[in-house]
>>> print(open('target_30.cif').read())   # mmCIF, C-alpha atoms
data_structure
#
loop_
_atom_site.label_atom_id
_atom_site.label_comp_id
_atom_site.auth_asym_id
_atom_site.auth_seq_id
_atom_site.Cartn_x
_atom_site.Cartn_y
_atom_site.Cartn_z
CA MET A 611 88.23 -54.09 96.97
CA SER A 612 88.71 -52.37 93.63
CA ILE A 613 91.33 -49.72 93.16
CA GLU A 614 90.61 -46.65 91.08
CA LYS A 615 94.08 -45.24 90.83
CA ILE A 616 97.46 -45.83 92.38
CA ASN A 617 100.35 -43.42 92.96
CA ALA A 618 102.92 -45.56 91.18
CA ARG A 619 103.99 -43.21 88.41
CA ASN A 620 105.32 -45.99 86.22
CA GLN A 621 102.70 -48.35 84.90
CA PHE A 622 103.33 -50.83 82.09
CA LYS A 623 100.26 -52.62 80.75
CA GLY A 624 100.79 -55.99 79.12
CA LYS A 625 100.26 -59.74 79.08
CA ILE A 626 102.15 -62.30 81.13
CA SER A 627 104.56 -64.13 78.82
CA ASN A 628 106.33 -66.34 81.34
CA ILE A 629 106.17 -67.45 84.98
CA ILE A 630 108.94 -69.25 86.90
CA LEU A 631 107.30 -70.62 90.05
CA GLY A 632 109.65 -70.78 93.04
CA ASP A 633 109.13 -72.07 96.55
CA VAL A 634 108.63 -68.61 98.09
CA VAL A 635 108.95 -66.06 95.29
CA SER A 636 108.24 -66.36 91.57
CA GLU A 637 109.42 -64.50 88.50
CA VAL A 638 106.68 -63.04 86.30
CA ASP A 639 107.52 -61.66 82.86
CA VAL A 640 105.11 -59.17 81.33
CA GLU A 641 105.20 -58.43 77.61
CA THR A 642 104.57 -54.71 77.21
CA PRO A 643 104.99 -52.23 74.34
CA ALA A 644 108.19 -51.26 76.22
CA GLY A 645 109.57 -54.77 76.01
CA ILE A 646 109.59 -57.47 78.67
CA VAL A 647 109.17 -56.18 82.22
CA THR A 648 110.28 -58.69 84.87
CA SER A 649 108.82 -58.84 88.36
CA VAL A 650 109.59 -60.96 91.40
CA ILE A 651 106.56 -61.41 93.66
CA THR A 652 105.55 -63.99 96.26
CA THR A 653 104.35 -67.32 94.92
CA ARG A 654 101.29 -66.84 97.13
CA SER A 655 100.43 -63.69 95.18
CA VAL A 656 100.79 -65.56 91.87
CA LYS A 657 98.18 -68.02 93.16
CA ASP A 658 95.89 -65.44 94.83
CA LEU A 659 95.80 -63.34 91.66
CA GLU A 660 95.47 -66.52 89.54
CA LEU A 661 98.23 -65.29 87.25
CA LYS A 662 98.82 -67.38 84.12
CA ILE A 663 100.52 -66.93 80.80
CA GLY A 664 98.27 -64.54 78.89
CA THR A 665 96.72 -62.80 81.91
CA GLU A 666 96.40 -59.04 81.33
CA VAL A 667 98.20 -57.14 84.07
CA VAL A 668 99.89 -53.86 84.87
CA ALA A 669 103.46 -53.81 86.11
CA LEU A 670 103.84 -50.96 88.61
CA VAL A 671 106.99 -49.23 89.83
CA LYS A 672 107.29 -46.41 92.39
CA ALA A 673 109.40 -43.51 91.13
CA THR A 674 111.68 -43.80 94.19
CA GLU A 675 112.70 -47.29 93.00
CA VAL A 676 113.97 -46.16 89.59
CA SER A 677 117.73 -45.58 89.19
CA ILE A 678 119.27 -43.49 86.45
CA ALA A 679 122.51 -44.41 84.66
CA LYS A 680 124.40 -42.37 82.11
CA LEU A 681 125.67 -44.13 79.01
CA LEU A 682 129.28 -44.11 77.87
CA MET B 282 134.60 -46.67 87.02
CA SER B 283 132.69 -47.97 84.02
CA ILE B 284 130.06 -50.64 84.36
CA GLU B 285 129.75 -53.38 81.78
CA LYS B 286 126.47 -54.86 82.84
CA ILE B 287 124.08 -54.57 85.76
CA ASN B 288 121.65 -57.11 87.20
CA ALA B 289 118.63 -54.82 87.01
CA ARG B 290 116.41 -56.81 84.70
CA ASN B 291 114.37 -53.82 83.65
CA GLN B 292 116.25 -51.21 81.67
CA PHE B 293 114.56 -48.43 79.74
CA LYS B 294 116.80 -46.38 77.47
CA GLY B 295 115.73 -42.86 76.65
CA LYS B 296 116.30 -39.13 76.88
CA ILE B 297 115.56 -36.92 79.84
CA SER B 298 112.45 -34.87 79.05
CA ASN B 299 111.98 -33.06 82.35
CA ILE B 300 113.70 -32.42 85.69
CA ILE B 301 112.08 -30.96 88.80
CA LEU B 302 114.93 -29.97 91.10
CA GLY B 303 114.10 -30.29 94.81
CA ASP B 304 116.11 -29.43 97.89
CA VAL B 305 117.12 -33.04 98.60
CA VAL B 306 115.56 -35.22 95.91
CA SER B 307 114.61 -34.42 92.33
CA GLU B 308 112.18 -35.89 89.83
CA VAL B 309 113.67 -36.96 86.53
CA ASP B 310 111.40 -37.93 83.62
CA VAL B 311 112.85 -40.12 80.90
CA GLU B 312 111.16 -40.37 77.52
CA THR B 313 111.46 -43.98 76.38
CA PRO B 314 109.78 -46.04 73.66
CA ALA B 315 107.66 -47.36 76.55
CA GLY B 316 106.43 -43.89 77.44
CA ILE B 317 107.63 -41.60 80.20
CA VAL B 318 109.49 -43.33 83.03
CA THR B 319 109.68 -41.22 86.20
CA SER B 320 112.49 -41.47 88.73
CA VAL B 321 113.18 -39.79 92.05
CA ILE B 322 116.89 -39.54 92.83
CA THR B 323 118.98 -37.30 95.06
CA THR B 324 119.59 -33.80 93.79
CA ARG B 325 123.29 -34.46 94.38
CA SER B 326 123.14 -37.30 91.85
CA VAL B 327 121.45 -35.03 89.30
CA LYS B 328 124.44 -32.71 89.67
CA ASP B 329 127.14 -35.41 89.84
CA LEU B 330 125.80 -37.06 86.69
CA GLU B 331 125.30 -33.64 85.07
CA LEU B 332 121.79 -34.62 84.03
CA LYS B 333 119.99 -32.16 81.75
CA ILE B 334 117.02 -32.22 79.44
CA GLY B 335 118.17 -34.27 76.47
CA THR B 336 120.81 -36.36 78.29
CA GLU B 337 120.74 -40.00 77.16
CA VAL B 338 120.23 -42.30 80.13
CA VAL B 339 118.94 -45.69 81.14
CA ALA B 340 116.23 -46.00 83.77
CA LEU B 341 116.88 -49.16 85.79
CA VAL B 342 114.50 -51.11 88.01
CA LYS B 343 115.23 -54.25 90.06
CA ALA B 344 112.71 -57.04 89.46
CA THR B 345 111.97 -57.21 93.21
CA GLU B 346 110.64 -53.63 93.03
CA VAL B 347 108.00 -54.34 90.38
CA SER B 348 104.43 -54.97 91.56
CA ILE B 349 101.79 -56.73 89.48
CA ALA B 350 98.14 -55.69 89.39
CA LYS B 351 95.28 -57.44 87.65
CA LEU B 352 92.87 -55.33 85.67
CA LEU B 353 89.10 -55.31 86.19
CA MET C 1029 92.19 -48.03 84.13
CA SER C 1030 90.71 -49.77 87.16
CA ILE C 1031 92.63 -52.39 89.07
CA GLU C 1032 90.91 -55.48 90.41
CA LYS C 1033 93.66 -56.82 92.60
CA ILE C 1034 97.32 -56.14 93.27
CA ASN C 1035 100.06 -58.45 94.47
CA ALA C 1036 101.12 -56.27 97.37
CA ARG C 1037 100.47 -58.62 100.27
CA ASN C 1038 100.24 -55.82 102.80
CA GLN C 1039 97.30 -53.52 102.36
CA PHE C 1040 96.15 -51.06 105.01
CA LYS C 1041 92.82 -49.37 104.35
CA GLY C 1042 92.25 -46.00 105.97
CA LYS C 1043 91.69 -42.26 105.67
CA ILE C 1044 94.34 -39.65 105.07
CA SER C 1045 94.96 -37.78 108.33
CA ASN C 1046 97.80 -35.50 107.26
CA ILE C 1047 99.73 -34.36 104.16
CA ILE C 1048 103.05 -32.48 104.16
CA LEU C 1049 103.47 -31.14 100.63
CA GLY C 1050 107.09 -30.91 99.50
CA ASP C 1051 108.67 -29.59 96.32
CA VAL C 1052 109.21 -33.04 94.79
CA VAL C 1053 107.93 -35.60 97.28
CA SER C 1054 105.24 -35.36 99.94
CA GLU C 1055 104.48 -37.21 103.14
CA VAL C 1056 101.01 -38.74 103.39
CA ASP C 1057 99.76 -40.15 106.71
CA VAL C 1058 96.97 -42.69 106.62
CA GLU C 1059 94.94 -43.46 109.71
CA THR C 1060 94.28 -47.20 109.73
CA PRO C 1061 93.05 -49.69 112.35
CA ALA C 1062 96.78 -50.56 112.62
CA GLY C 1063 97.69 -47.01 113.57
CA ILE C 1064 99.16 -44.30 111.36
CA VAL C 1065 100.87 -45.58 108.21
CA THR C 1066 103.24 -43.03 106.66
CA SER C 1067 104.04 -42.88 102.96
CA VAL C 1068 106.36 -40.72 100.87
CA ILE C 1069 105.14 -40.33 97.30
CA THR C 1070 105.74 -37.75 94.58
CA THR C 1071 103.92 -34.46 94.96
CA ARG C 1072 102.68 -34.99 91.40
CA SER C 1073 100.92 -38.18 92.54
CA VAL C 1074 99.30 -36.33 95.44
CA LYS C 1075 97.85 -33.93 92.87
CA ASP C 1076 96.97 -36.54 90.23
CA LEU C 1077 95.13 -38.67 92.79
CA GLU C 1078 93.59 -35.52 94.32
CA LEU C 1079 94.55 -36.69 97.79
CA LYS C 1080 93.21 -34.62 100.67
CA ILE C 1081 92.69 -35.04 104.38
CA GLY C 1082 89.83 -37.50 104.68
CA THR C 1083 90.32 -39.27 101.32
CA GLU C 1084 89.82 -43.04 101.62
CA VAL C 1085 92.91 -44.87 100.42
CA VAL C 1086 94.84 -48.10 100.75
CA ALA C 1087 98.48 -48.05 101.78
CA LEU C 1088 100.27 -50.87 99.95
CA VAL C 1089 103.60 -52.51 100.77
CA LYS C 1090 105.37 -55.30 98.87
CA ALA C 1091 106.46 -58.17 101.13
CA THR C 1092 110.06 -57.81 99.92
CA GLU C 1093 110.14 -54.29 101.46
CA VAL C 1094 109.27 -55.42 104.98
CA SER C 1095 112.13 -55.91 107.45
CA ILE C 1096 111.87 -58.00 110.60
CA ALA C 1097 113.49 -57.00 113.90
CA LYS C 1098 113.62 -59.04 117.08
CA LEU C 1099 112.87 -57.26 120.34
CA LEU C 1100 115.20 -57.21 123.33
CA MET D 1467 124.77 -54.36 118.89
CA SER D 1468 121.42 -53.20 120.24
CA ILE D 1469 119.39 -50.61 118.44
CA GLU D 1470 117.58 -47.90 120.34
CA LYS D 1471 115.46 -46.50 117.58
CA ILE D 1472 115.18 -46.82 113.83
CA ASN D 1473 113.96 -44.35 111.25
CA ALA D 1474 111.41 -46.68 109.69
CA ARG D 1475 108.22 -44.75 110.33
CA ASN D 1476 106.00 -47.80 110.03
CA GLN D 1477 106.48 -50.37 112.75
CA PHE D 1478 104.06 -53.21 113.39
CA LYS D 1479 104.65 -55.21 116.56
CA GLY D 1480 103.40 -58.78 116.63
CA LYS D 1481 104.08 -62.50 116.79
CA ILE D 1482 105.20 -64.70 113.94
CA SER D 1483 102.24 -66.82 112.84
CA ASN D 1484 103.79 -68.62 109.87
CA ILE D 1485 107.13 -69.19 108.13
CA ILE D 1486 107.61 -70.67 104.64
CA LEU D 1487 111.30 -71.57 104.39
CA GLY D 1488 112.72 -71.27 100.89
CA ASP D 1489 116.14 -72.05 99.49
CA VAL D 1490 117.29 -68.41 99.46
CA VAL D 1491 114.43 -66.28 100.77
CA SER D 1492 111.62 -67.12 103.18
CA GLU D 1493 108.18 -65.73 103.83
CA VAL D 1494 107.48 -64.63 107.39
CA ASP D 1495 103.94 -63.76 108.47
CA VAL D 1496 103.52 -61.55 111.51
CA GLU D 1497 100.20 -61.37 113.33
CA THR D 1498 99.69 -57.77 114.40
CA PRO D 1499 96.71 -55.76 115.67
CA ALA D 1500 96.58 -54.49 112.07
CA GLY D 1501 96.19 -57.98 110.66
CA ILE D 1502 98.80 -60.22 109.10
CA VAL D 1503 101.90 -58.41 107.82
CA THR D 1504 103.91 -60.48 105.35
CA SER D 1505 107.66 -60.15 104.88
CA VAL D 1506 110.16 -61.79 102.54
CA ILE D 1507 113.66 -61.94 104.03
CA THR D 1508 116.70 -64.13 103.41
CA THR D 1509 116.56 -67.63 104.83
CA ARG D 1510 119.92 -66.87 106.43
CA SER D 1511 118.29 -64.04 108.41
CA VAL D 1512 115.51 -66.37 109.56
CA LYS D 1513 118.22 -68.63 110.97
CA ASP D 1514 120.46 -65.88 112.36
CA LEU D 1515 117.53 -64.26 114.17
CA GLU D 1516 116.27 -67.72 115.23
CA LEU D 1517 112.78 -66.81 114.09
CA LYS D 1518 110.05 -69.33 114.93
CA ILE D 1519 106.29 -69.35 115.14
CA GLY D 1520 105.49 -67.30 118.23
CA THR D 1521 108.63 -65.15 118.22
CA GLU D 1522 107.86 -61.52 119.09
CA VAL D 1523 109.07 -59.22 116.36
CA VAL D 1524 108.51 -55.83 114.76
CA ALA D 1525 107.79 -55.57 111.04
CA LEU D 1526 109.41 -52.38 109.74
CA VAL D 1527 108.68 -50.46 106.54
CA LYS D 1528 110.38 -47.30 105.26
CA ALA D 1529 107.90 -44.58 104.29
CA THR D 1530 109.41 -44.39 100.79
CA GLU D 1531 108.31 -48.02 100.20
CA VAL D 1532 104.62 -47.38 100.86
CA SER D 1533 102.34 -46.81 97.86
CA ILE D 1534 98.96 -45.13 98.05
CA ALA D 1535 95.94 -46.28 96.03
CA LYS D 1536 92.56 -44.60 95.82
CA LEU D 1537 89.49 -46.79 96.09
CA LEU D 1538 86.69 -46.88 93.52
CA MET E 1174 111.01 -50.28 122.26
CA SER E 1175 114.56 -51.55 121.90
CA ILE E 1176 115.56 -53.82 119.07
CA GLU E 1177 117.93 -56.71 119.66
CA LYS E 1178 118.61 -57.67 116.09
CA ILE E 1179 117.28 -56.88 112.65
CA ASN E 1180 117.20 -58.96 109.52
CA ALA E 1181 118.91 -56.37 107.34
CA ARG E 1182 122.01 -58.27 106.28
CA ASN E 1183 123.96 -55.15 105.48
CA GLN E 1184 124.80 -52.98 108.43
CA PHE E 1185 127.33 -50.17 108.33
CA LYS E 1186 128.20 -48.62 111.68
CA GLY E 1187 129.48 -45.06 111.68
CA LYS E 1188 129.03 -41.42 112.58
CA ILE E 1189 126.87 -38.88 110.81
CA SER E 1190 129.12 -36.56 108.84
CA ASN E 1191 126.51 -34.44 107.08
CA ILE E 1192 122.77 -33.74 107.02
CA ILE E 1193 120.89 -31.84 104.30
CA LEU E 1194 117.48 -31.02 105.78
CA GLY E 1195 114.70 -30.92 103.20
CA ASP E 1196 111.03 -30.04 103.53
CA VAL E 1197 109.86 -33.68 103.53
CA VAL E 1198 112.95 -35.87 103.19
CA SER E 1199 116.54 -35.28 104.25
CA GLU E 1200 119.88 -36.65 103.17
CA VAL E 1201 122.01 -38.16 105.92
CA ASP E 1202 125.64 -39.09 105.27
CA VAL E 1203 127.26 -41.65 107.52
CA GLU E 1204 131.02 -41.97 107.70
CA THR E 1205 131.83 -45.67 107.97
CA PRO E 1206 135.00 -47.73 107.57
CA ALA E 1207 133.51 -48.53 104.14
CA GLY E 1208 133.40 -44.88 103.15
CA ILE E 1209 130.44 -42.53 103.16
CA VAL E 1210 127.04 -44.24 103.11
CA THR E 1211 124.23 -41.91 102.04
CA SER E 1212 120.64 -42.29 103.17
CA VAL E 1213 117.43 -40.43 102.36
CA ILE E 1214 114.91 -40.58 105.20
CA THR E 1215 111.97 -38.43 106.24
CA THR E 1216 112.80 -35.14 107.90
CA ARG E 1217 110.44 -36.18 110.68
CA SER E 1218 112.68 -39.18 111.39
CA VAL E 1219 115.75 -36.95 111.52
CA LYS E 1220 113.97 -34.97 114.23
CA ASP E 1221 112.46 -37.95 116.09
CA LEU E 1222 115.82 -39.70 116.24
CA GLU E 1223 117.53 -36.39 117.09
CA LEU E 1224 120.16 -37.03 114.45
CA LYS E 1225 123.05 -34.56 114.37
CA ILE E 1226 126.53 -34.46 112.96
CA GLY E 1227 128.52 -36.87 115.10
CA THR E 1228 125.61 -39.10 116.17
CA GLU E 1229 126.58 -42.78 116.13
CA VAL E 1230 124.24 -44.75 113.91
CA VAL E 1231 123.96 -47.87 111.81
CA ALA E 1232 123.02 -47.63 108.15
CA LEU E 1233 120.91 -50.67 107.25
CA VAL E 1234 120.15 -52.13 103.83
CA LYS E 1235 117.97 -55.15 102.99
CA ALA E 1236 119.72 -57.65 100.73
CA THR E 1237 116.85 -57.42 98.23
CA GLU E 1238 117.69 -53.72 97.69
CA VAL E 1239 121.29 -54.33 96.63
CA SER E 1240 122.05 -54.43 92.88
CA ILE E 1241 125.13 -56.03 91.38
CA ALA E 1242 127.03 -54.55 88.43
CA LYS E 1243 129.94 -56.09 86.58
CA LEU E 1244 132.91 -53.87 85.77
CA LEU E 1245 134.31 -53.35 82.30
CA MET F 1143 125.41 -51.16 76.43
CA SER F 1144 128.07 -49.80 78.75
CA ILE F 1145 127.23 -47.50 81.60
CA GLU F 1146 129.46 -44.57 82.47
CA LYS F 1147 127.96 -43.60 85.76
CA ILE F 1148 124.91 -44.47 87.83
CA ASN F 1149 123.01 -42.40 90.37
CA ALA F 1150 123.21 -44.98 93.15
CA ARG F 1151 125.12 -43.02 95.78
CA ASN F 1152 126.32 -46.09 97.59
CA GLN F 1153 128.75 -48.23 95.62
CA PHE F 1154 130.84 -50.99 97.18
CA LYS F 1155 133.49 -52.49 94.94
CA GLY F 1156 134.62 -56.02 95.69
CA LYS F 1157 134.87 -59.67 94.71
CA ILE F 1158 132.14 -62.26 94.96
CA SER F 1159 132.92 -64.55 97.90
CA ASN F 1160 129.83 -66.75 97.86
CA ILE F 1161 126.73 -67.52 95.78
CA ILE F 1162 123.69 -69.50 96.95
CA LEU F 1163 121.74 -70.37 93.81
CA GLY F 1164 117.99 -70.58 94.32
CA ASP F 1165 115.18 -71.50 91.95
CA VAL F 1166 114.14 -67.89 91.28
CA VAL F 1167 116.43 -65.65 93.31
CA SER F 1168 120.00 -66.17 94.48
CA GLU F 1169 122.11 -64.72 97.27
CA VAL F 1170 125.38 -63.13 96.21
CA ASP F 1171 127.96 -62.14 98.82
CA VAL F 1172 130.51 -59.51 97.88
CA GLU F 1173 133.70 -59.09 99.88
CA THR F 1174 134.42 -55.38 100.09
CA PRO F 1175 136.71 -53.19 102.21
CA ALA F 1176 133.50 -52.47 104.16
CA GLY F 1177 132.96 -56.14 104.94
CA ILE F 1178 130.61 -58.58 103.26
CA VAL F 1179 127.75 -56.96 101.35
CA THR F 1180 124.89 -59.36 100.65
CA SER F 1181 122.58 -59.05 97.66
CA VAL F 1182 119.53 -60.98 96.52
CA ILE F 1183 119.08 -60.88 92.74
CA THR F 1184 117.31 -63.10 90.23
CA THR F 1185 119.03 -66.36 89.36
CA ARG F 1186 118.63 -65.34 85.72
CA SER F 1187 120.80 -62.27 86.39
CA VAL F 1188 123.47 -64.44 88.06
CA LYS F 1189 123.60 -66.45 84.82
CA ASP F 1190 123.33 -63.49 82.42
CA LEU F 1191 126.16 -61.65 84.20
CA GLU F 1192 128.11 -64.93 84.50
CA LEU F 1193 128.75 -64.24 88.16
CA LYS F 1194 131.13 -66.64 89.88
CA ILE F 1195 133.19 -66.67 93.05
CA GLY F 1196 136.00 -64.19 92.40
CA THR F 1197 134.14 -62.03 89.85
CA GLU F 1198 134.85 -58.32 90.39
CA VAL F 1199 131.61 -56.44 90.88
CA VAL F 1200 130.10 -53.33 92.42
CA ALA F 1201 127.25 -53.62 94.89
CA LEU F 1202 124.93 -50.63 94.41
CA VAL F 1203 122.33 -49.21 96.76
CA LYS F 1204 120.00 -46.25 96.18
CA ALA F 1205 120.07 -43.73 99.03
CA THR F 1206 116.29 -44.04 99.46
CA GLU F 1207 116.76 -47.73 100.40
CA VAL F 1208 119.10 -47.04 103.32
CA SER F 1209 117.58 -46.95 106.83
CA ILE F 1210 119.22 -45.30 109.81
CA ALA F 1211 119.14 -46.75 113.33
CA LYS F 1212 120.44 -45.16 116.49
CA LEU F 1213 122.47 -47.31 118.85
CA LEU F 1214 121.66 -47.84 122.53
#
>>> encode(input="target_30.cif", output="structure tokens")
Amino acid sequence: MSIEKINARNQFKGKISNIILGDVVSEVDVETPAGIVTSVITTRSVKDLELKIGTEVVALVKATEVSIAKLL
Amino acid sequence: MSIEKINARNQFKGKISNIILGDVVSEVDVETPAGIVTSVITTRSVKDLELKIGTEVVALVKATEVSIAKLL
Amino acid sequence: MSIEKINARNQFKGKISNIILGDVVSEVDVETPAGIVTSVITTRSVKDLELKIGTEVVALVKATEVSIAKLL
Amino acid sequence: MSIEKINARNQFKGKISNIILGDVVSEVDVETPAGIVTSVITTRSVKDLELKIGTEVVALVKATEVSIAKLL
Amino acid sequence: MSIEKINARNQFKGKISNIILGDVVSEVDVETPAGIVTSVITTRSVKDLELKIGTEVVALVKATEVSIAKLL
Amino acid sequence: MSIEKINARNQFKGKISNIILGDVVSEVDVETPAGIVTSVITTRSVKDLELKIGTEVVALVKATEVSIAKLL
């Protein structure tokens, strides 16, 4: 199943720079032009997607998940 | 109450470039070096934080909210 | 940008059966073999993805967003 | 405290088919008519709810957590 | 379908003190011993659950949705 | 970077009463006037924020992440 387009408004294209494999969830760092974007996904997904350092991916975030803070 | 640091691993600093005010929630676009980051927050928060076009903010995303997709 | 695979473990393929367009966010109902799956996404995404009744889509949910309740 | 009804629009009734116990969070797979629904919850909740393979549960998802992707 | 117990670790019992009905989503304020807890749910859920000012409810939050900030 | 104000409508001030350190994510319990609020954040954030038992923190929750259940 290939996806043409997804509603997630925030999409950061990059390469995986680090993976910390955990028993149930893993941390995946993606190096993007915006800096490192960190994701926590299931370890099963890391394996199913065959994610490795260097894999080209998109980090996706729904707009409802983004908080806004005002700086001092 | 001022916050020193927050656990959200993904923080995108920028200026608000657009606000669509809705009855209950509003869309806030933040122009960051990473491109536009879009957030949906309550309209009450937009007012409480006195957000306007040009306001300097940080868009914050918890790592557990970031999905990873592999490109074709 | 086409996506090959996404980490969201829960994917429900179906056809859009209803859309309630709101000022900022919209409700999109997807008829799947599992019953109706309801999603709230930005109205801008509804337009960008050109979603209409009948459009074939996949409803995606990260495993960390799923709660478990025990029945009486 | 018994709950009569919850706002989560997406409710998938089923039986637990697999549990991967982790140090802090665990993966719980629920076999539903819609296929396997996967959830990541705290290991403490797995114990508090006494979840086991075969336990009848409902997997719940808020509509705001559902993303929509268009197929190629 | 009655629910015996849910995995959401954070449960705040209280009475609805305010509802702002929107076209697609609504804001529901719950007065709890912990102060006001604010929720955004679909307007359809407000109607299905027949929520009104004074209705006794529980506000539920998954542990994975809670952020931690350190004070100055 | 110090934050003046954040949009998260639900803020529970308290002291950390317990931390369960995991390989990738950790559970952080915060004792608040509202009772214990439990959070799951990355173990890297626990270290970066130097969280310990007794640290004063704020637990933050976006309104879109709060579910509402009606009692029996």
>>> interface_residues(input="target_30.cif", of="chain F", to="chain C", cutoff="12 Å", atoms="only C-alpha atoms", output="list in words")
Val1182, Ile1183, Thr1206, Glu1207, Val1208, Ser1209, Ala1211 and Leu1214 of chain F
>>> resolve_selection(input="target_30.cif", expression="the PyMOL selection byres ((chain C and resi 1058) around 9)", output="count of residues only")
20
>>> calpha_fit_and_write(input="target_30.cif", fixed="chain F", moving="chain D", output="compact mmCIF listing (two decimals) with C-alpha atoms, in the frame of the given file")
# COMPACT_ATOMS: atom_id res chain seq x y z
CA MET D 1467 125.39 -51.09 76.42
CA SER D 1468 128.08 -49.78 78.75
CA ILE D 1469 127.23 -47.50 81.61
CA GLU D 1470 129.43 -44.56 82.47
CA LYS D 1471 127.94 -43.61 85.78
CA ILE D 1472 124.90 -44.47 87.84
CA ASN D 1473 122.99 -42.42 90.37
CA ALA D 1474 123.21 -44.98 93.15
CA ARG D 1475 125.11 -43.01 95.76
CA ASN D 1476 126.33 -46.10 97.58
CA GLN D 1477 128.74 -48.24 95.62
CA PHE D 1478 130.84 -50.98 97.17
CA LYS D 1479 133.51 -52.49 94.94
CA GLY D 1480 134.63 -56.02 95.70
CA LYS D 1481 134.88 -59.67 94.72
CA ILE D 1482 132.14 -62.25 94.97
CA SER D 1483 132.93 -64.54 97.90
CA ASN D 1484 129.82 -66.74 97.87
CA ILE D 1485 126.74 -67.52 95.78
CA ILE D 1486 123.68 -69.49 96.96
CA LEU D 1487 121.74 -70.38 93.81
CA GLY D 1488 117.99 -70.58 94.32
CA ASP D 1489 115.18 -71.52 91.98
CA VAL D 1490 114.14 -67.91 91.29
CA VAL D 1491 116.43 -65.64 93.31
CA SER D 1492 120.00 -66.15 94.49
CA GLU D 1493 122.10 -64.72 97.27
CA VAL D 1494 125.37 -63.12 96.22
CA ASP D 1495 127.96 -62.14 98.83
CA VAL D 1496 130.51 -59.51 97.88
CA GLU D 1497 133.70 -59.10 99.88
CA THR D 1498 134.43 -55.39 100.09
CA PRO D 1499 136.76 -53.25 102.22
CA ALA D 1500 133.58 -52.52 104.20
CA GLY D 1501 132.99 -56.18 104.95
CA ILE D 1502 130.63 -58.60 103.27
CA VAL D 1503 127.76 -56.96 101.35
CA THR D 1504 124.89 -59.35 100.66
CA SER D 1505 122.58 -59.05 97.66
CA VAL D 1506 119.53 -60.99 96.51
CA ILE D 1507 119.08 -60.88 92.73
CA THR D 1508 117.30 -63.11 90.22
CA THR D 1509 119.02 -66.36 89.35
CA ARG D 1510 118.63 -65.34 85.72
CA SER D 1511 120.79 -62.27 86.39
CA VAL D 1512 123.45 -64.43 88.04
CA LYS D 1513 123.59 -66.43 84.82
CA ASP D 1514 123.33 -63.49 82.42
CA LEU D 1515 126.15 -61.65 84.20
CA GLU D 1516 128.10 -64.93 84.49
CA LEU D 1517 128.75 -64.24 88.15
CA LYS D 1518 131.14 -66.63 89.90
CA ILE D 1519 133.19 -66.66 93.05
CA GLY D 1520 136.00 -64.19 92.40
CA THR D 1521 134.16 -62.03 89.86
CA GLU D 1522 134.85 -58.32 90.40
CA VAL D 1523 131.62 -56.43 90.88
CA VAL D 1524 130.12 -53.32 92.43
CA ALA D 1525 127.25 -53.62 94.90
CA LEU D 1526 124.94 -50.63 94.39
CA VAL D 1527 122.32 -49.21 96.76
CA LYS D 1528 119.99 -46.25 96.17
CA ALA D 1529 120.06 -43.73 99.02
CA THR D 1530 116.28 -44.04 99.45
CA GLU D 1531 116.76 -47.73 100.39
CA VAL D 1532 119.09 -47.04 103.32
CA SER D 1533 117.58 -46.94 106.82
CA ILE D 1534 119.22 -45.29 109.79
CA ALA D 1535 119.13 -46.75 113.31
CA LYS D 1536 120.43 -45.16 116.48
CA LEU D 1537 122.45 -47.32 118.83
CA LEU D 1538 121.65 -47.81 122.51
>>> resolve_selection(input="target_30.cif", expression="the PyMOL selection byres ((chain D and resi 1469) around 8)", output="NGL selection string")
(:D and (1467-1468 or 1470-1472)) or (:E and (1175-1178)) or (:F and (1211-1214))
>>> write_last_selection(input="target_30.cif", atoms="C-alpha atoms", output="compact mmCIF listing (two decimals), keeping the file's coordinate frame")
# COMPACT_ATOMS: atom_id res chain seq x y z
CA MET D 1467 124.77 -54.36 118.89
CA SER D 1468 121.42 -53.20 120.24
CA GLU D 1470 117.58 -47.90 120.34
CA LYS D 1471 115.46 -46.50 117.58
CA ILE D 1472 115.18 -46.82 113.83
CA SER E 1175 114.56 -51.55 121.90
CA ILE E 1176 115.56 -53.82 119.07
CA GLU E 1177 117.93 -56.71 119.66
CA LYS E 1178 118.61 -57.67 116.09
CA ALA F 1211 119.14 -46.75 113.33
CA LYS F 1212 120.44 -45.16 116.49
CA LEU F 1213 122.47 -47.31 118.85
CA LEU F 1214 121.66 -47.84 122.53
>>> atom_distance(input="target_30.cif", atom1="CA of Thr1071 in chain C", atom2="CA of Ser1054 in chain C")
5.2 Å
>>> atom_distance(input="target_30.cif", atom1="CA of Ile349 in chain B", atom2="CA of Asp633 in chain A")
18.4 Å
>>> residues_near_point(input="target_30.cif", point="(104.4, -55.5, 101.8)", cutoff="6 Å", atoms="all atoms listed in the file", output="list in words")
Ala1036, Arg1037, Asn1038, Val1089, Lys1090, Ala1091, Glu1093 and Val1094 of chain C
>>> residues_around(input="target_30.cif", residues="Thr1215 in chain E", least_positions_apart="3", cutoff="6 Å", atoms="only C-alpha atoms", output="MDAnalysis selection string")
chainID E and resid 1197:1199 1218
>>> atom_distance(input="target_30.cif", atom1="CA of Ile629 in chain A", atom2="CA of Val656 in chain A")
8.9 Å
